[in-house]
Every structure is written in structure tokens, then in C-alpha cells.
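Following: one structure in C-alpha cells, then a few remarks.
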Amino acid sequence: MKDWKKATVYQIYPRSFQDSNGDGVGDIQGIISRLDYLKDLGAEVLWLNPVYKSPGRDNGYDIADYYEINPEFGTMDDFEQLLDGTRNRGMKIIMDLVVNHTSDQHEWFKMSRDSKDNPYHDYYIWKDPVDGHEPNNWKSKFGGSAWEYDEKLNQYYLHLYDRTQPDLNWRNPKMKASIMEMMKWWADKGIAGFRLDVINNISKPLEMPDDTLETSMDDGRKFYTNGPHVHEYIHEMYEEVFGKHSMLTVGELSSTPIDEAIKFTNPDREELTMAFTFHHVKVDYPNGAKWVKSGYKLVDLKKVISDWQIGMQNGGGWNALFWGNHDQPRAISRFLDDNKYREESAKLLALVEFGLQGTPYVYQGEEIAMKNAYFTDISQYNDPESINAYHELVEKGSSVQEAIEILQQKSRENSRLPMQWDSQKNYGFTTGSPWLKAINKDTQTVESEIAKKDGVLSFYKKLIEFRRNEPILIDGNYQLLDENNPDIFYFKRELNGHHISVIANFSDKDIVYKIDDLGTVKFSNYKETILENGELKLRPYEAVLFQD
Ligand code: GLC
Ligand code: CA
């Protein structure tokens, strides 16, 4: 795909987007029925979370068959109809590719655990017990040990995620060839690219030493994140598949430092198109710990974002830009105010995101300012990560109330509530009973946004259009100003002597801010900008984009 630098990607969480047959689960026909909406918004690329056949322990990230569509979502015919529907509208689809692990229901794994002599045994990572225990102390990212014991084989298999998600062994050439073949099959079908799930974790070292467990980050990840052969494997994918089909590829690269992200995405290296990294959404993880209640400091957020902006630009890499996705709580609830200043907050985040360098991603519902689910009981949760975290918290002494409050703030299920389309029952998402209870009594919907002239939705629409045609935003240099200001995020982009400046008040205070002449106001989340004698009078969560 050409022009991916100018495009905006819209992320669809199919399960929660639109149900077409009343079974309470979003599906492909539902997406098809909303293509005009997405086209009108200006989304050029749609990223679908996994729709392959899966038992759904991890909502599709546990794939049982890469060549089949999960019947919950529809059929391969439906998928092809979706491809046609996007093609006719000049849009593209990227698929989620999960090749670090499969489901334990995948045929390969079933054969793998059949016997040690089975040729598929080595498709996964098996180890003998050490002194009757797990081979090492690595932790699963969803809690507990990263190893699961299999009685029949008297061996452990590695699972960096749920125990139903065994890790594939990329050292096995046949396994690798099977994956390459599958990727080609999808490319031939006409998809535009892949979002590569946890791709920086696929290469495990031969030696798997214990970690120190000193902090929650010393859980083994230092040994397998950006492991020994990862760039080699991805370059092979490029040679065999991505390059031949000019695919757009985005690597999910959690815990990857900038120099590595540059290696993944500098075009000269022929690996991936862009890096989806998470450092900026860990500013509220004190010492790396996720499951604690915590605020964040704007100065930290600015530093992370700026380091990535400058580092990737200098190294010729390319960022994906985002505030939220299906693994993060809603950004307005997390970073700003989802109540009194909800609309201002949503627009502020949009303005900052679109002002930065990289390809912007809009996660479904962000364009209508959806907020956290605020579930009040653990029974409302479905996500294994959140449920495990809850039980670990309670076991370690948190009260039920404390644990629920932490989940209300940190759980990724917060962003998986069904899309709020209109004022009908279940927001028009389903005529049945939604798989995740839509308990928010919320008036914020696509319908209500369309009715407003200057709502969040139309703000996104204008920004997407503006950015597509504005070279300063695509190619301009980035500079952070007033870096120590605890409330204001002020940055500039520059190209051939022309500038775009973004000034955003991340606080609920009125702030008088002195500025030089920055040109004309192109975007603002308040009706008018108050600027007198070089003094910008910023109201709570006000954000302005100037151009000269
Ligand atoms: C990625 C996905 C997440 C999933 C995990 C395991 O982080 O985005 O939803 O649980 O990988 O596949
Ligand atoms: Ca359905």
C-alpha cells in the first residue's frame, strides 16, 4: 500500500462493533453495514482484531485455525464480501496476525502434545522438568508461571500468555514455513497488511535462565523481548510476503526500546512499516506495576512521547500513534476528564495525536468519546487478564472494593464495551443480549454526535482530512517546548520554514500562557480562542493548533 504515512487507521474490535443477527456478538456483516460510516469518517485502513476460528479464551488471540473465520463472526464468504466492500470504497483491511502462539485447540498443538516423537512436537517449546519443577521462574503476562505441565509427556510447555496459548517454536523450520505459507494465503486474498501481535517476542533464547523477579518487569521478558533472531525472522517474512505484496505491517512492540524499534521499521532494513509501542501508556504504572491505582505526570508523558518522536525521526523509523486500543482503558478516563470536560478531553487527545509524527490510529468509540466501563462486580468481567489480576490482588490482601477500583481504572475490558451507535436498546449494537453488558447509562452515541455540528466525531473527521493534506504533519521535524511545564503540552512541527504548533492544557485550571506569534488557529476544542497581547487564555483542557 502506498501513502500509508498519510492514512488514518481505524481499529475495529469485531466482537463489540456491530451485531447483525441478534446473538449479542458483533460480526462481519455488522462491520459491512457500517462501512459507509467509516468511509465518511475518513478511515482509509481498517485493522480488525482476530476473526479466525478460536475457542475465545483470549477473545480470538488464541487461534485454532488460521484459515477459517470464527463462526461467531460469520463465514469466509462474509469476509470476502467485507473485502469487496472496502475495496469499492477505496479502503483497506489489515488482519491481526498472531504467530507468537496458537490456541491449545490448534491441530498443531494437539499433535504436539500427542507424543515426543510426533513431528509437530517441536512446533512448540517443550522442556523437561528441572528438579521436579518448572524449567525456570518466568511469569505469564496473564499471571502465574509461564509453564504448564503436561502429565502424559512429563514435560512443560511455554506460554507467555494464557495457558491455553502455547508459544510457537520459531527455531523449527517447518513451523516457520507453515506460517509463511499462511501469510501468503492471506496476502493473495487481497488484504493490505498485518498487525503483528506481540511480534517482538517470537524469538526465544536457547538458554532460558531464571529472572530475578525483583520488579514486575523482571519476569523473564528481558530474555525473550527482541530475542536473538527476531529481526532475521521478520526480514524473512518481508522477503517472502510483505515486500512482494507491498503490505502495510505494524508490529506490536511492547517493552521495545527506540533503537530496536528503528531496526524494525527503518525501510532500508526491510522488516516492518511501523512500530506500535506502549511506553507512553505505561506512565501510570509506578515501577512498571500495572495493577495499582495511580495517576501520572504530564512531564513524564511528554518526555516519553518526545523521545520517541525525535528518536524515530533521527533513526528513520516510523511510529504508529495511539492513545487507546482493546488492551488499554479508555484514554479520556485515564489521562483527562470523562465527566464534566468529556468532549474537550476527547478533542484534546485527538489534536495531540494528529499533531505528532506517525500514522494515527483511532480505536472504535474514541471518535464519540466513549469512556471506561466502570464495572462494579468481578462477575461482569470476561477478560482472563483482568480476572487473574483481581484474584491475585485479593489473595495478596486487597479488599474486594480496592481490587474492583483498580480494575475500573486499569482493566482493558473498559474499552471493550459495545459501540454506542444510537439511543435504541443496547445502543443499537445488538437486538439481543450483548456479550459484555452495556451498563453505562450514556447519552453519548454516534447518532447524538452526528446531530451536533461541532461534536467529537466531526472534529476527528476534520482532523483526518487536514492531516492527509498537510506535509508539515507528515514530514515535519518535532520539537518539544516548555518541557518542564506540569500542565501544558506544547510542541512544534517544522517543514521548510513553516510550522504547526500544538498547545494543550492537560489540567482543569485556567492558565494564562505567553506565546510568540504562532500564526492562525486551525483547530481548537473551544468555540473561540482568547488571545490578547501574546497571552493565550487557556481554559480547562483547552487545546489549540496554530499554523504559520
Ligand atoms: C496482544 C493483544 C492482546 C492479547 C495478547 C496475546 O497484546 O493485543 O489482546 O491478549 O497479545 O495474544
Ligand atoms: Ca452476531
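Letters A, B, ... mark the chains of the C-alpha cells in the order given; residue numbers begin at 1 per chain; ligand numbers begin at 1, in order shown.
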Quiz prompt | Protein and nucleic acid residues within 8 Å of ligand 1 (only C-alpha atoms and all ligand atoms) as an MDAnalysis selection string | solution = chainID A and resid 58:59 61:62 98 100:101 161:162 165 197:198 252 254 326:327 385
Self-check item: Non-local contacts of Asn525 in chain A (10 Å; only C-alpha atoms; under 6 positions in same chain excluded) as a list in words
Solution: Glu343, Glu344, Ser345, Ala346, Lys347, Leu348, Ala350, Leu351, Asp454, Gly455, Val456, Phe459, Ala504, Tyr541, Glu542, Ala543, Val544 and Leu545 of chain A
Those same residues, written as a PDB file, in the first residue's frame with N, CA, C and O atoms?
ATOM      1  N   GLU A 343     -16.024  16.081  26.353  1.00  0.00           N
ATOM      2  CA  GLU A 343     -15.847  16.408  24.938  1.00  0.00           C
ATOM      3  C   GLU A 343     -14.525  17.128  24.700  1.00  0.00           C
ATOM      4  O   GLU A 343     -13.794  16.817  23.758  1.00  0.00           O
ATOM      5  N   GLU A 344     -14.213  18.077  25.588  1.00  0.00           N
ATOM      6  CA  GLU A 344     -12.943  18.800  25.465  1.00  0.00           C
ATOM      7  C   GLU A 344     -11.783  17.809  25.550  1.00  0.00           C
ATOM      8  O   GLU A 344     -10.810  17.887  24.801  1.00  0.00           O
ATOM      9  N   SER A 345     -11.895  16.877  26.506  1.00  0.00           N
ATOM     10  CA  SER A 345     -10.817  15.904  26.700  1.00  0.00           C
ATOM     11  C   SER A 345     -10.602  15.057  25.445  1.00  0.00           C
ATOM     12  O   SER A 345      -9.479  14.837  25.011  1.00  0.00           O
ATOM     13  N   ALA A 346     -11.701  14.587  24.881  1.00  0.00           N
ATOM     14  CA  ALA A 346     -11.580  13.733  23.685  1.00  0.00           C
ATOM     15  C   ALA A 346     -10.937  14.510  22.543  1.00  0.00           C
ATOM     16  O   ALA A 346     -10.068  13.993  21.828  1.00  0.00           O
ATOM     17  N   LYS A 347     -11.335  15.740  22.390  1.00  0.00           N
ATOM     18  CA  LYS A 347     -10.770  16.539  21.293  1.00  0.00           C
ATOM     19  C   LYS A 347      -9.309  16.884  21.553  1.00  0.00           C
ATOM     20  O   LYS A 347      -8.497  16.916  20.632  1.00  0.00           O
ATOM     21  N   LEU A 348      -8.980  17.158  22.808  1.00  0.00           N
ATOM     22  CA  LEU A 348      -7.580  17.454  23.131  1.00  0.00           C
ATOM     23  C   LEU A 348      -6.691  16.276  22.724  1.00  0.00           C
ATOM     24  O   LEU A 348      -5.671  16.440  22.054  1.00  0.00           O
ATOM     25  N   ALA A 350      -7.240  13.954  20.594  1.00  0.00           N
ATOM     26  CA  ALA A 350      -7.200  13.823  19.132  1.00  0.00           C
ATOM     27  C   ALA A 350      -6.212  14.824  18.540  1.00  0.00           C
ATOM     28  O   ALA A 350      -5.391  14.477  17.681  1.00  0.00           O
ATOM     29  N   LEU A 351      -6.264  16.038  19.027  1.00  0.00           N
ATOM     30  CA  LEU A 351      -5.406  17.091  18.481  1.00  0.00           C
ATOM     31  C   LEU A 351      -3.925  16.776  18.721  1.00  0.00           C
ATOM     32  O   LEU A 351      -3.092  16.943  17.831  1.00  0.00           O
ATOM     33  N   ASP A 454     -20.529  20.546  15.951  1.00  0.00           N
ATOM     34  CA  ASP A 454     -19.132  20.619  16.375  1.00  0.00           C
ATOM     35  C   ASP A 454     -18.787  19.574  17.411  1.00  0.00           C
ATOM     36  O   ASP A 454     -18.089  19.853  18.372  1.00  0.00           O
ATOM     37  N   GLY A 455     -19.277  18.381  17.242  1.00  0.00           N
ATOM     38  CA  GLY A 455     -19.009  17.326  18.206  1.00  0.00           C
ATOM     39  C   GLY A 455     -17.629  16.708  18.018  1.00  0.00           C
ATOM     40  O   GLY A 455     -16.826  17.148  17.174  1.00  0.00           O
ATOM     41  N   VAL A 456     -17.370  15.677  18.800  1.00  0.00           N
ATOM     42  CA  VAL A 456     -16.084  14.985  18.738  1.00  0.00           C
ATOM     43  C   VAL A 456     -15.922  14.297  17.373  1.00  0.00           C
ATOM     44  O   VAL A 456     -14.866  14.337  16.758  1.00  0.00           O
ATOM     45  N   PHE A 459     -14.970  16.610  14.711  1.00  0.00           N
ATOM     46  CA  PHE A 459     -13.604  17.067  14.988  1.00  0.00           C
ATOM     47  C   PHE A 459     -12.606  16.063  14.416  1.00  0.00           C
ATOM     48  O   PHE A 459     -11.640  16.425  13.729  1.00  0.00           O
ATOM     49  N   ALA A 504      -1.613  22.372  24.472  1.00  0.00           N
ATOM     50  CA  ALA A 504      -2.738  21.692  25.117  1.00  0.00           C
ATOM     51  C   ALA A 504      -2.626  21.786  26.629  1.00  0.00           C
ATOM     52  O   ALA A 504      -1.586  21.459  27.204  1.00  0.00           O
ATOM     53  N   TYR A 541      -8.568  21.987  29.966  1.00  0.00           N
ATOM     54  CA  TYR A 541      -8.422  21.029  28.857  1.00  0.00           C
ATOM     55  C   TYR A 541      -8.522  21.681  27.474  1.00  0.00           C
ATOM     56  O   TYR A 541      -8.889  21.035  26.507  1.00  0.00           O
ATOM     57  N   GLU A 542      -8.179  22.936  27.407  1.00  0.00           N
ATOM     58  CA  GLU A 542      -8.220  23.592  26.089  1.00  0.00           C
ATOM     59  C   GLU A 542      -6.995  23.205  25.270  1.00  0.00           C
ATOM     60  O   GLU A 542      -5.885  23.105  25.785  1.00  0.00           O
ATOM     61  N   ALA A 543      -7.213  22.990  23.994  1.00  0.00           N
ATOM     62  CA  ALA A 543      -6.104  22.653  23.089  1.00  0.00           C
ATOM     63  C   ALA A 543      -6.271  23.421  21.789  1.00  0.00           C
ATOM     64  O   ALA A 543      -7.372  23.530  21.258  1.00  0.00           O
ATOM     65  N   VAL A 544      -5.148  23.957  21.304  1.00  0.00           N
ATOM     66  CA  VAL A 544      -5.191  24.782  20.098  1.00  0.00           C
ATOM     67  C   VAL A 544      -4.086  24.350  19.139  1.00  0.00           C
ATOM     68  O   VAL A 544      -2.979  24.029  19.563  1.00  0.00           O
ATOM     69  N   LEU A 545      -4.401  24.338  17.862  1.00  0.00           N
ATOM     70  CA  LEU A 545      -3.384  24.068  16.840  1.00  0.00           C
ATOM     71  C   LEU A 545      -3.249  25.306  15.959  1.00  0.00           C
ATOM     72  O   LEU A 545      -4.236  25.776  15.385  1.00  0.00           O
TER      73      LEU A 545
END
Practice problem: Just the residues within 8 Å of Ile515 in chain A, please, counting only C-alpha atoms, with nothing from its chain fewer than 5 positions along; format it as a PyMOL selection string. | Solution: chain A and resi 534-536
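Considering the residues A:Asn226, A:Ser433, A:Asn485, A:Gln420 and counting only C-alpha atoms and all ligand atoms, ligand 2 has its shortest atom-to-atom contact with A:Ser433.
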Practice problem: List every residue of range 269-360 of chain A that DSSP, applied to the backbone, labels as helix (DSSP H, G or I), and write the result as JSON, numbers by chain. | Solution: {"A": [269, 279, 280, 281, 282, 286, 287, 288, 298, 299, 300, 301, 302, 303, 304, 305, 306, 307, 308, 309, 310, 311, 312, 313, 314, 315, 331, 332, 333, 334, 335, 342, 343, 344, 345, 346, 347, 348, 349, 350, 351, 352, 353, 354, 355]}
Write out the residues from the selection above, keeping N, CA and C atoms, as a short mmCIF file (atom, residue, chain, number, x, y, z; two decimals), in the first residue's frame.
data_model
loop_
_atom_site.label_atom_id
_atom_site.label_comp_id
_atom_site.auth_asym_id
_atom_site.auth_seq_id
_atom_site.Cartn_x
_atom_site.Cartn_y
_atom_site.Cartn_z
N ARG A 269 16.00 -1.66 6.12
CA ARG A 269 16.22 -2.99 6.68
C ARG A 269 15.18 -4.01 6.22
N HIS A 279 5.28 2.62 25.64
CA HIS A 279 5.93 3.33 26.74
C HIS A 279 5.07 4.48 27.25
N HIS A 280 4.40 5.17 26.34
CA HIS A 280 3.60 6.33 26.77
C HIS A 280 2.34 5.90 27.54
N VAL A 281 1.88 4.68 27.33
CA VAL A 281 0.70 4.26 28.10
C VAL A 281 1.11 3.44 29.34
N LYS A 282 2.39 3.58 29.71
CA LYS A 282 2.81 2.99 30.98
C LYS A 282 3.21 4.07 31.97
N PRO A 286 3.50 2.68 38.21
CA PRO A 286 4.66 3.01 39.05
C PRO A 286 5.62 1.82 39.13
N ASN A 287 6.88 2.04 38.81
CA ASN A 287 7.91 0.98 38.73
C ASN A 287 7.45 -0.21 37.89
N GLY A 288 6.70 0.08 36.87
CA GLY A 288 6.29 -0.98 35.96
C GLY A 288 5.07 -1.76 36.42
N LEU A 298 2.27 14.68 33.67
CA LEU A 298 2.35 15.10 32.26
C LEU A 298 3.79 15.21 31.79
N VAL A 299 4.68 15.64 32.69
CA VAL A 299 6.09 15.78 32.30
C VAL A 299 6.65 14.43 31.83
N ASP A 300 6.25 13.36 32.51
CA ASP A 300 6.72 12.03 32.09
C ASP A 300 6.14 11.65 30.73
N LEU A 301 4.86 11.93 30.57
CA LEU A 301 4.22 11.60 29.29
C LEU A 301 4.87 12.35 28.13
N LYS A 302 5.14 13.64 28.35
CA LYS A 302 5.76 14.45 27.30
C LYS A 302 7.14 13.91 26.96
N LYS A 303 7.87 13.49 28.01
CA LYS A 303 9.23 13.02 27.77
C LYS A 303 9.21 11.74 26.93
N VAL A 304 8.36 10.80 27.29
CA VAL A 304 8.32 9.56 26.52
C VAL A 304 7.94 9.85 25.07
N ILE A 305 6.88 10.62 24.90
CA ILE A 305 6.43 10.89 23.53
C ILE A 305 7.53 11.60 22.74
N SER A 306 8.17 12.57 23.38
CA SER A 306 9.18 13.35 22.66
C SER A 306 10.40 12.51 22.33
N ASP A 307 10.83 11.68 23.26
CA ASP A 307 11.97 10.81 22.97
C ASP A 307 11.68 9.94 21.75
N TRP A 308 10.47 9.43 21.68
CA TRP A 308 10.10 8.57 20.54
C TRP A 308 9.97 9.37 19.25
N GLN A 309 9.39 10.55 19.35
CA GLN A 309 9.27 11.39 18.16
C GLN A 309 10.65 11.66 17.57
N ILE A 310 11.56 12.12 18.42
CA ILE A 310 12.87 12.54 17.94
C ILE A 310 13.72 11.33 17.56
N GLY A 311 13.68 10.32 18.42
CA GLY A 311 14.50 9.13 18.17
C GLY A 311 14.11 8.44 16.88
N MET A 312 12.85 8.24 16.65
CA MET A 312 12.40 7.55 15.44
C MET A 312 12.68 8.41 14.21
N GLN A 313 12.50 9.71 14.36
CA GLN A 313 12.79 10.57 13.22
C GLN A 313 14.28 10.51 12.86
N ASN A 314 15.14 10.63 13.86
CA ASN A 314 16.58 10.59 13.58
C ASN A 314 17.01 9.25 13.00
N GLY A 315 16.39 8.19 13.45
CA GLY A 315 16.81 6.87 13.00
C GLY A 315 16.07 6.36 11.78
N ALA A 331 -8.85 6.30 26.97
CA ALA A 331 -7.85 7.35 27.22
C ALA A 331 -8.44 8.56 27.94
N ILE A 332 -9.67 8.95 27.62
CA ILE A 332 -10.20 10.14 28.32
C ILE A 332 -10.39 9.87 29.80
N SER A 333 -10.75 8.64 30.14
CA SER A 333 -10.94 8.30 31.56
C SER A 333 -9.59 8.27 32.27
N ARG A 334 -8.60 7.88 31.55
CA ARG A 334 -7.29 7.64 32.13
C ARG A 334 -6.45 8.90 32.27
N PHE A 335 -6.42 9.70 31.22
CA PHE A 335 -5.50 10.84 31.21
C PHE A 335 -6.18 12.17 31.50
N ARG A 342 -15.71 16.06 29.21
CA ARG A 342 -15.55 14.87 28.37
C ARG A 342 -15.24 15.20 26.91
N GLU A 343 -16.02 16.08 26.35
CA GLU A 343 -15.85 16.41 24.94
C GLU A 343 -14.52 17.13 24.70
N GLU A 344 -14.21 18.08 25.59
CA GLU A 344 -12.94 18.80 25.46
C GLU A 344 -11.78 17.81 25.55
N SER A 345 -11.89 16.88 26.51
CA SER A 345 -10.82 15.90 26.70
C SER A 345 -10.60 15.06 25.45
N ALA A 346 -11.70 14.59 24.88
CA ALA A 346 -11.58 13.73 23.69
C ALA A 346 -10.94 14.51 22.54
N LYS A 347 -11.34 15.74 22.39
CA LYS A 347 -10.77 16.54 21.29
C LYS A 347 -9.31 16.88 21.55
N LEU A 348 -8.98 17.16 22.81
CA LEU A 348 -7.58 17.45 23.13
C LEU A 348 -6.69 16.28 22.72
N LEU A 349 -7.11 15.07 23.12
CA LEU A 349 -6.28 13.91 22.80
C LEU A 349 -6.16 13.72 21.29
N ALA A 350 -7.24 13.95 20.59
CA ALA A 350 -7.20 13.82 19.13
C ALA A 350 -6.21 14.82 18.54
N LEU A 351 -6.26 16.04 19.03
CA LEU A 351 -5.41 17.09 18.48
C LEU A 351 -3.92 16.78 18.72
N VAL A 352 -3.60 16.32 19.91
CA VAL A 352 -2.21 15.98 20.20
C VAL A 352 -1.78 14.81 19.32
N GLU A 353 -2.59 13.79 19.25
CA GLU A 353 -2.22 12.62 18.44
C GLU A 353 -1.98 13.00 16.98
N PHE A 354 -2.90 13.73 16.41
CA PHE A 354 -2.77 14.06 14.99
C PHE A 354 -1.70 15.10 14.74
N GLY A 355 -1.26 15.80 15.78
CA GLY A 355 -0.18 16.76 15.62
C GLY A 355 1.19 16.11 15.58
#
Give me, as CSV, the closest atom pair and its distance (Å, one decimal) for every residue of range 414-522 of chain A within a cut-off of 6 Å of range 15-34 of chain A, counting only C-alpha atoms, rows sorted by chain and rising number.
residue,atom,partner,partner_atom,distance
A:Pro418,CA,A:Ser16,CA,4.3
A:Met419,CA,A:Phe17,CA,5.3
A:Phe429,CA,A:Gln18,CA,5.1
A:Thr430,CA,A:Asp19,CA,5.1
A:Thr431,CA,A:Gly22,CA,5.0
A:Gly432,CA,A:Gly22,CA,4.5
A:Ser433,CA,A:Gly24,CA,4.9
A:Pro434,CA,A:Gly24,CA,4.0
A:Trp435,CA,A:Gly24,CA,5.3
Restricting it to N, CA and C atoms, dump the selection as a compact mmCIF listing (two decimals), in the first residue's frame.
# COMPACT_ATOMS: atom_id res chain seq x y z
N PRO A 418 -19.59 -2.64 24.01
CA PRO A 418 -20.15 -2.46 22.67
C PRO A 418 -20.19 -1.00 22.22
N MET A 419 -19.98 -0.82 20.95
CA MET A 419 -20.03 0.50 20.33
C MET A 419 -21.42 1.13 20.54
N PHE A 429 -26.33 -1.66 19.21
CA PHE A 429 -25.27 -2.65 18.93
C PHE A 429 -25.87 -4.01 18.62
N THR A 430 -26.87 -4.40 19.39
CA THR A 430 -27.50 -5.70 19.17
C THR A 430 -28.97 -5.63 19.57
N THR A 431 -29.78 -6.46 18.92
CA THR A 431 -31.17 -6.58 19.34
C THR A 431 -31.29 -7.64 20.43
N GLY A 432 -30.21 -8.42 20.62
CA GLY A 432 -30.22 -9.47 21.64
C GLY A 432 -29.58 -8.99 22.92
N SER A 433 -28.90 -9.92 23.59
CA SER A 433 -28.26 -9.58 24.84
C SER A 433 -26.74 -9.51 24.59
N PRO A 434 -26.13 -8.35 24.79
CA PRO A 434 -24.72 -8.18 24.41
C PRO A 434 -23.78 -9.07 25.22
N TRP A 435 -22.72 -9.58 24.58
CA TRP A 435 -21.78 -10.48 25.25
C TRP A 435 -21.13 -9.81 26.46
Residues at most 7 Å from Phe506 in chain A, counting only C-alpha atoms, excluding those fewer than 6 positions away in the same chain, as a short mmCIF file (atom, residue, chain, number, x, y, z; two decimals) with N, CA and C atoms, in the first residue's frame?
data_model
loop_
_atom_site.label_atom_id
_atom_site.label_comp_id
_atom_site.auth_asym_id
_atom_site.auth_seq_id
_atom_site.Cartn_x
_atom_site.Cartn_y
_atom_site.Cartn_z
N LEU A 336 -7.48 12.27 31.26
CA LEU A 336 -8.12 13.58 31.40
C LEU A 336 -9.41 13.47 32.21
N ASP A 487 1.57 21.24 33.33
CA ASP A 487 0.18 21.22 32.87
C ASP A 487 0.02 21.33 31.36
N ILE A 488 1.03 21.88 30.72
CA ILE A 488 0.87 22.21 29.30
C ILE A 488 1.79 21.36 28.42
N TYR A 541 -8.57 21.99 29.97
CA TYR A 541 -8.42 21.03 28.86
C TYR A 541 -8.52 21.68 27.47
#
Exercise. Give me the residues within 12 Å of Asn200 in chain A as a VMD selection string, counting only C-alpha atoms and dropping any in the same chain fewer than 5 places off.
Key: chain A and resid 98 to 100 221 to 234 250 to 257 260 to 261 263 to 264 271 to 272 275 to 277
Exercise. Give the answer as one residue: which of A:Ala64, A:Val51, A:Val45, A:Leu321 has the shortest atom-to-atom distance to Arg87 in chain A, using only C-alpha atoms?
Key: A:Val45
Quiz item: Near Pro471 in chain A, counting only C-alpha atoms, which residues have an atom at most 9 Å away, once you skip same-chain residues fewer than 4 positions from it, shown as a PyMOL selection string?
Solution: chain A and resi 6+467+475-476+495
Quiz item: Which one is closest to Leu407 in chain A: A:Asp219, A:Asp383, A:Glu367, A:Glu395? Count only C-alpha atoms.
Solution: A:Asp383
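Using only C-alpha atoms and all ligand atoms, the smallest distance between any of A:Asp104, A:Glu44, A:Glu72, A:Asp510 and ligand 2 comes from A:Glu72.
Residues of range 291-466 of chain A that DSSP places in strand (DSSP E), based on the backbone of this structure, are Ala320, Leu321, Thr359, Pro360, Tyr361, Val362 and Tyr363 of chain A.
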Selection from above, all heavy atoms, as a PDB file, in the first residue's frame, can you write it?
ATOM      1  N   ALA A 320       3.524   4.281  14.977  1.00  0.00           N
ATOM      2  CA  ALA A 320       2.067   4.297  14.997  1.00  0.00           C
ATOM      3  C   ALA A 320       1.689   5.182  16.173  1.00  0.00           C
ATOM      4  O   ALA A 320       2.335   5.135  17.216  1.00  0.00           O
ATOM      5  CB  ALA A 320       1.522   2.889  15.209  1.00  0.00           C
ATOM      6  N   LEU A 321       0.669   6.022  16.017  1.00  0.00           N
ATOM      7  CA  LEU A 321       0.251   6.925  17.090  1.00  0.00           C
ATOM      8  C   LEU A 321      -1.096   6.471  17.632  1.00  0.00           C
ATOM      9  O   LEU A 321      -2.016   6.225  16.860  1.00  0.00           O
ATOM     10  CB  LEU A 321       0.093   8.348  16.549  1.00  0.00           C
ATOM     11  CG  LEU A 321       1.302   8.952  15.850  1.00  0.00           C
ATOM     12  CD1 LEU A 321       0.888  10.220  15.111  1.00  0.00           C
ATOM     13  CD2 LEU A 321       2.394   9.273  16.871  1.00  0.00           C
ATOM     14  N   THR A 359       1.686   7.420  12.022  1.00  0.00           N
ATOM     15  CA  THR A 359       0.370   7.111  11.448  1.00  0.00           C
ATOM     16  C   THR A 359      -0.647   6.999  12.578  1.00  0.00           C
ATOM     17  O   THR A 359      -0.492   6.154  13.464  1.00  0.00           O
ATOM     18  CB  THR A 359       0.436   5.790  10.650  1.00  0.00           C
ATOM     19  OG1 THR A 359       1.370   5.971   9.584  1.00  0.00           O
ATOM     20  CG2 THR A 359      -0.925   5.430  10.079  1.00  0.00           C
ATOM     21  N   PRO A 360      -1.669   7.864  12.582  1.00  0.00           N
ATOM     22  CA  PRO A 360      -2.625   7.831  13.691  1.00  0.00           C
ATOM     23  C   PRO A 360      -3.593   6.654  13.615  1.00  0.00           C
ATOM     24  O   PRO A 360      -4.036   6.265  12.536  1.00  0.00           O
ATOM     25  CB  PRO A 360      -3.391   9.151  13.563  1.00  0.00           C
ATOM     26  CG  PRO A 360      -3.111   9.676  12.214  1.00  0.00           C
ATOM     27  CD  PRO A 360      -1.923   8.967  11.648  1.00  0.00           C
ATOM     28  N   TYR A 361      -3.907   6.129  14.786  1.00  0.00           N
ATOM     29  CA  TYR A 361      -4.897   5.064  14.928  1.00  0.00           C
ATOM     30  C   TYR A 361      -6.053   5.594  15.763  1.00  0.00           C
ATOM     31  O   TYR A 361      -5.827   6.244  16.786  1.00  0.00           O
ATOM     32  CB  TYR A 361      -4.289   3.855  15.655  1.00  0.00           C
ATOM     33  CG  TYR A 361      -3.377   3.031  14.781  1.00  0.00           C
ATOM     34  CD1 TYR A 361      -2.239   3.595  14.221  1.00  0.00           C
ATOM     35  CD2 TYR A 361      -3.661   1.700  14.511  1.00  0.00           C
ATOM     36  CE1 TYR A 361      -1.408   2.849  13.399  1.00  0.00           C
ATOM     37  CE2 TYR A 361      -2.828   0.937  13.696  1.00  0.00           C
ATOM     38  CZ  TYR A 361      -1.697   1.524  13.137  1.00  0.00           C
ATOM     39  OH  TYR A 361      -0.894   0.787  12.328  1.00  0.00           O
ATOM     40  N   VAL A 362      -7.261   5.306  15.326  1.00  0.00           N
ATOM     41  CA  VAL A 362      -8.445   5.652  16.109  1.00  0.00           C
ATOM     42  C   VAL A 362      -9.087   4.336  16.516  1.00  0.00           C
ATOM     43  O   VAL A 362      -9.424   3.516  15.658  1.00  0.00           O
ATOM     44  CB  VAL A 362      -9.442   6.496  15.277  1.00  0.00           C
ATOM     45  CG1 VAL A 362     -10.671   6.835  16.109  1.00  0.00           C
ATOM     46  CG2 VAL A 362      -8.769   7.767  14.754  1.00  0.00           C
ATOM     47  N   TYR A 363      -9.215   4.126  17.806  1.00  0.00           N
ATOM     48  CA  TYR A 363      -9.832   2.898  18.292  1.00  0.00           C
ATOM     49  C   TYR A 363     -11.337   3.113  18.406  1.00  0.00           C
ATOM     50  O   TYR A 363     -11.773   4.128  18.951  1.00  0.00           O
ATOM     51  CB  TYR A 363      -9.233   2.511  19.646  1.00  0.00           C
ATOM     52  CG  TYR A 363      -9.918   1.307  20.265  1.00  0.00           C
ATOM     53  CD1 TYR A 363      -9.947   0.095  19.578  1.00  0.00           C
ATOM     54  CD2 TYR A 363     -10.552   1.386  21.490  1.00  0.00           C
ATOM     55  CE1 TYR A 363     -10.595  -1.010  20.119  1.00  0.00           C
ATOM     56  CE2 TYR A 363     -11.189   0.282  22.041  1.00  0.00           C
ATOM     57  CZ  TYR A 363     -11.211  -0.911  21.344  1.00  0.00           C
ATOM     58  OH  TYR A 363     -11.850  -2.000  21.866  1.00  0.00           O
TER      59      TYR A 363
END
Closest-contact table, range 272-321 of chain A side, partner range 396-402 of chain A, 12 Å, counting only C-alpha atoms, as JSON lines:
{"residue": "A:Trp291", "atom": "CA", "partner": "A:Glu402", "partner_atom": "CA", "distance": 10.7}
{"residue": "A:Val292", "atom": "CA", "partner": "A:Glu402", "partner_atom": "CA", "distance": 9.3}
{"residue": "A:Lys293", "atom": "CA", "partner": "A:Glu402", "partner_atom": "CA", "distance": 8.8}
